[in-house]
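A.B. asks: My structure is below; once you've seen it, I'll send some questions.
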Amino acid sequence: MPRIVRASVVQACTAAFSLSETLDKLERLTRLAKERDDSQLAVFPEAFIGGYPAKSTFGTVVGDRSPEGRDEFLRYHSAAIEIPSPAISRVEAISRATGVFLVVGVIEREGGTCYCTIIFVDPQSGYVAKHRKLMPTAAERLVWGYGDATTLPVLEQTFSSAKGDVTTKLSATICWENYMPLLRTHYYQLGTQIYCAPTVDSRPVWQHTMAHISLEGRCFVLSACQYAQQSDYPADHPITPGTSRNPEAVMIGGGSVIYSPAGETLAGPLWEGEGVLSADLDLDDVIRGKFDLDVVGHYARPDSKTWYLHPQSPS
């Protein structure tokens, strides 16, 4: 009997950095995935709760930070959530009410530091794990702290349906973390089968990255990207320098997609507007793919390589 999980990627954005409106949107889109597509798993984009500060500089140049930039960071920090918190409880309630396992990008607040984080929420157990982005990209390092090896889980999850229970392993890797070869290998080594890739990278070339990972890891790749216009941000949010304000101007362009372990597109990419893409994930396709390529098994050659954690000093 096929071992199938019904899964969705959600293309949507934060509602003007409003926590209550964003949580309402999360509930509405989760219910859509469940009621329209009968999904058991839904992946939301990077920084869906808390917001992605596209085009922001936070008043920073090398050697100086402006008072206005500090105020902007205060607003951003205030929009972030703590773990645990009432916001996490609301996500747990949505998962429980719909029966959908949720993988959601959030901006996590701990003390004075924000982290780009993914939370994993189970319909029965509630919040079960998180992953903090190891390496914020470029100017993201102004406002996000660094994750570490304590939040790199691969979760074993059982999905139940009228056809029986299906157990699989899933993980999440955020945006340009997907360009870190050893991080990908970590997840492959732990047996990920459903490789979630929340992002805000809407470049067409991102599709090649996702296809490559699905082929390399012989896993399903679920990439959920934000789609945002200027109207989705506060009225005074920065825009591209030299351009005029236009509520319909695109800030983040989408491209959410689902790939099979054979590198084949199962759903998407979605380029226009918000939406939910869904597909059946036949987990036996993972093993079918590893017949000829298992990069942490028969196609690995650890005997031919030597790794140095600490480079030797020149003699």
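Chain labels follow the order of the structure tokens: the first chain is A, the next B, and so on; residue numbering restarts at 1 in every chain, and ligands are counted from 1 in their shown order.
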Can you list, as number ranges by chain, every protein, DNA or RNA residue that comes within 10 Å of range 23-37 of chain A when you count only C-alpha atoms, leaving out same-chain residues fewer than 4 positions away?
C.D. replies: A: 6-15, 18-19, 41-44, 48-49, 87-88, 90-91, 93-95, 97-102, 104, 274-280
A.B. asks: Compile the contact shell of range 256-260 of chain A as a list of chain:residue names: residues with an atom at most 8 Å away, counting only C-alpha atoms, same-chain residues fewer than 6 positions apart removed.
C.D. replies: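 Contacts, in chain order: A:Val9, A:Val10, A:Gln11, A:Gln207, A:Met210, A:Ala211, A:Ser214, A:Arg218, A:Cys219, A:Phe220, A:Val221, A:Leu222, A:Ser223, A:Ala224, A:Cys225, A:Gln226, A:Leu266, A:Ala267, A:Gly268, A:Pro269, A:Leu270, A:Trp271, A:Leu277, A:Ser278, A:Ala279, A:Leu281, A:Asp285.
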A.B. asks: If we count only C-alpha atoms, what is near Asp71 in chain A at a cut-off of 12 Å, once residues fewer than 6 positions away on the same chain are taken out, given as an mmCIF file with C-alpha atoms, in the first residue's frame?
C.D. replies:
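Final file, around27.cif:
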data_model
loop_
_atom_site.group_PDB
_atom_site.id
_atom_site.type_symbol
_atom_site.label_atom_id
_atom_site.label_comp_id
_atom_site.auth_asym_id
_atom_site.auth_seq_id
_atom_site.Cartn_x
_atom_site.Cartn_y
_atom_site.Cartn_z
ATOM 1 C CA THR A 57 18.412 49.537 6.530
ATOM 2 C CA PHE A 58 17.596 50.198 10.192
ATOM 3 C CA GLY A 59 19.475 53.465 9.817
ATOM 4 C CA THR A 60 22.819 51.720 9.682
ATOM 5 C CA ARG A 65 23.404 53.816 13.776
ATOM 6 C CA HIS A 77 11.548 43.584 18.120
ATOM 7 C CA SER A 78 8.096 44.347 19.517
#
A.B. asks: Considering only C-alpha atoms, state which residue in the set A:Val62, A:Val205, A:Val121, A:Ala149 is at the smallest distance from Glu92 in chain A.
C.D. replies: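 Of A:Val62, A:Val205, A:Val121, A:Ala149, the one nearest Glu92 in chain A, counting only C-alpha atoms, is A:Val121.
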A.B. asks: I need the residues in range 137-224 of chain A that are strand (DSSP E) according to DSSP; give them as a list in words.
C.D. replies: Leu155, Glu156, Gln157, Thr158, Phe159, Ser160, Ser161, Gly164, Asp165, Val166, Thr167, Thr168, Lys169, Leu170, Ser171, Ala172, Ile194, Tyr195, Cys196, Phe220, Val221, Leu222 and Ser223 of chain A
A.B. asks: Limited to N, CA and C atoms, could you put the picked residues into a file as a compact mmCIF listing (two decimals), in the first residue's frame?
C.D. replies:
# COMPACT_ATOMS: atom_id res chain seq x y z
N LEU A 155 12.68 15.52 12.71
CA LEU A 155 11.59 14.99 13.53
C LEU A 155 10.99 13.75 12.89
N GLU A 156 10.73 12.75 13.70
CA GLU A 156 9.96 11.59 13.24
C GLU A 156 8.49 11.87 13.54
N GLN A 157 7.68 11.86 12.51
CA GLN A 157 6.29 12.27 12.64
C GLN A 157 5.37 11.23 12.00
N THR A 158 4.30 10.89 12.69
CA THR A 158 3.30 9.97 12.17
C THR A 158 2.07 10.75 11.74
N PHE A 159 1.66 10.55 10.50
CA PHE A 159 0.45 11.17 9.95
C PHE A 159 -0.61 10.09 9.82
N SER A 160 -1.80 10.38 10.32
CA SER A 160 -2.89 9.42 10.31
C SER A 160 -3.96 9.84 9.32
N SER A 161 -4.54 8.85 8.67
CA SER A 161 -5.66 9.09 7.77
C SER A 161 -6.54 7.85 7.75
N GLY A 164 -4.75 4.67 7.04
CA GLY A 164 -3.78 4.15 7.99
C GLY A 164 -2.74 5.18 8.37
N ASP A 165 -1.79 4.77 9.22
CA ASP A 165 -0.75 5.67 9.70
C ASP A 165 0.49 5.60 8.80
N VAL A 166 1.12 6.75 8.62
CA VAL A 166 2.35 6.83 7.85
C VAL A 166 3.37 7.59 8.69
N THR A 167 4.54 6.99 8.90
CA THR A 167 5.59 7.63 9.67
C THR A 167 6.71 8.08 8.75
N THR A 168 7.16 9.30 8.95
CA THR A 168 8.21 9.86 8.11
C THR A 168 9.13 10.73 8.95
N LYS A 169 10.16 11.28 8.33
CA LYS A 169 11.06 12.22 8.98
C LYS A 169 11.06 13.53 8.21
N LEU A 170 11.01 14.64 8.96
CA LEU A 170 10.98 15.95 8.31
C LEU A 170 11.91 16.91 9.00
N SER A 171 12.32 17.93 8.25
CA SER A 171 13.26 18.93 8.74
C SER A 171 12.92 20.27 8.10
N ALA A 172 13.62 21.32 8.54
CA ALA A 172 13.44 22.64 7.94
C ALA A 172 14.78 23.35 7.84
N ILE A 194 11.05 14.63 4.17
CA ILE A 194 10.30 15.83 3.80
C ILE A 194 11.13 17.03 4.24
N TYR A 195 11.79 17.61 3.27
CA TYR A 195 12.78 18.67 3.50
C TYR A 195 12.07 20.01 3.26
N CYS A 196 11.73 20.70 4.34
CA CYS A 196 11.00 21.96 4.23
C CYS A 196 12.00 23.11 4.07
N PHE A 220 11.60 14.84 -0.66
CA PHE A 220 10.63 15.83 -1.10
C PHE A 220 11.06 17.19 -0.57
N VAL A 221 11.01 18.20 -1.41
CA VAL A 221 11.38 19.56 -1.02
C VAL A 221 10.14 20.44 -1.10
N LEU A 222 9.81 21.05 0.02
CA LEU A 222 8.64 21.92 0.11
C LEU A 222 9.12 23.33 0.42
N SER A 223 9.12 24.18 -0.58
CA SER A 223 9.60 25.55 -0.42
C SER A 223 8.43 26.52 -0.41
A.B. asks: Give the answer as one residue: which of A:Val295, A:Ile252, A:Ile287, A:Ile4 has the shortest atom-to-atom distance to Glu216 in chain A, using only C-alpha atoms?
C.D. replies: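 Ranked by minimum distance to Glu216 in chain A, first place goes to A:Val295.
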A.B. asks: Could you check how far CA of Lys55 in chain A sits from CA of Pro238 in chain A, in Å to one decimal?
C.D. replies: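 According to the coordinates, CA of Lys55 in chain A and CA of Pro238 in chain A are separated by 5.8 Å.
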A.B. asks: Quick one: of A:Ala228, A:Arg109, A:Glu264, A:Thr150, who's nearest to Pro247 in chain A, counting only C-alpha atoms?
C.D. replies: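 Going through A:Ala228, A:Arg109, A:Glu264, A:Thr150 one by one, the smallest distance to Pro247 in chain A is for A:Ala228.
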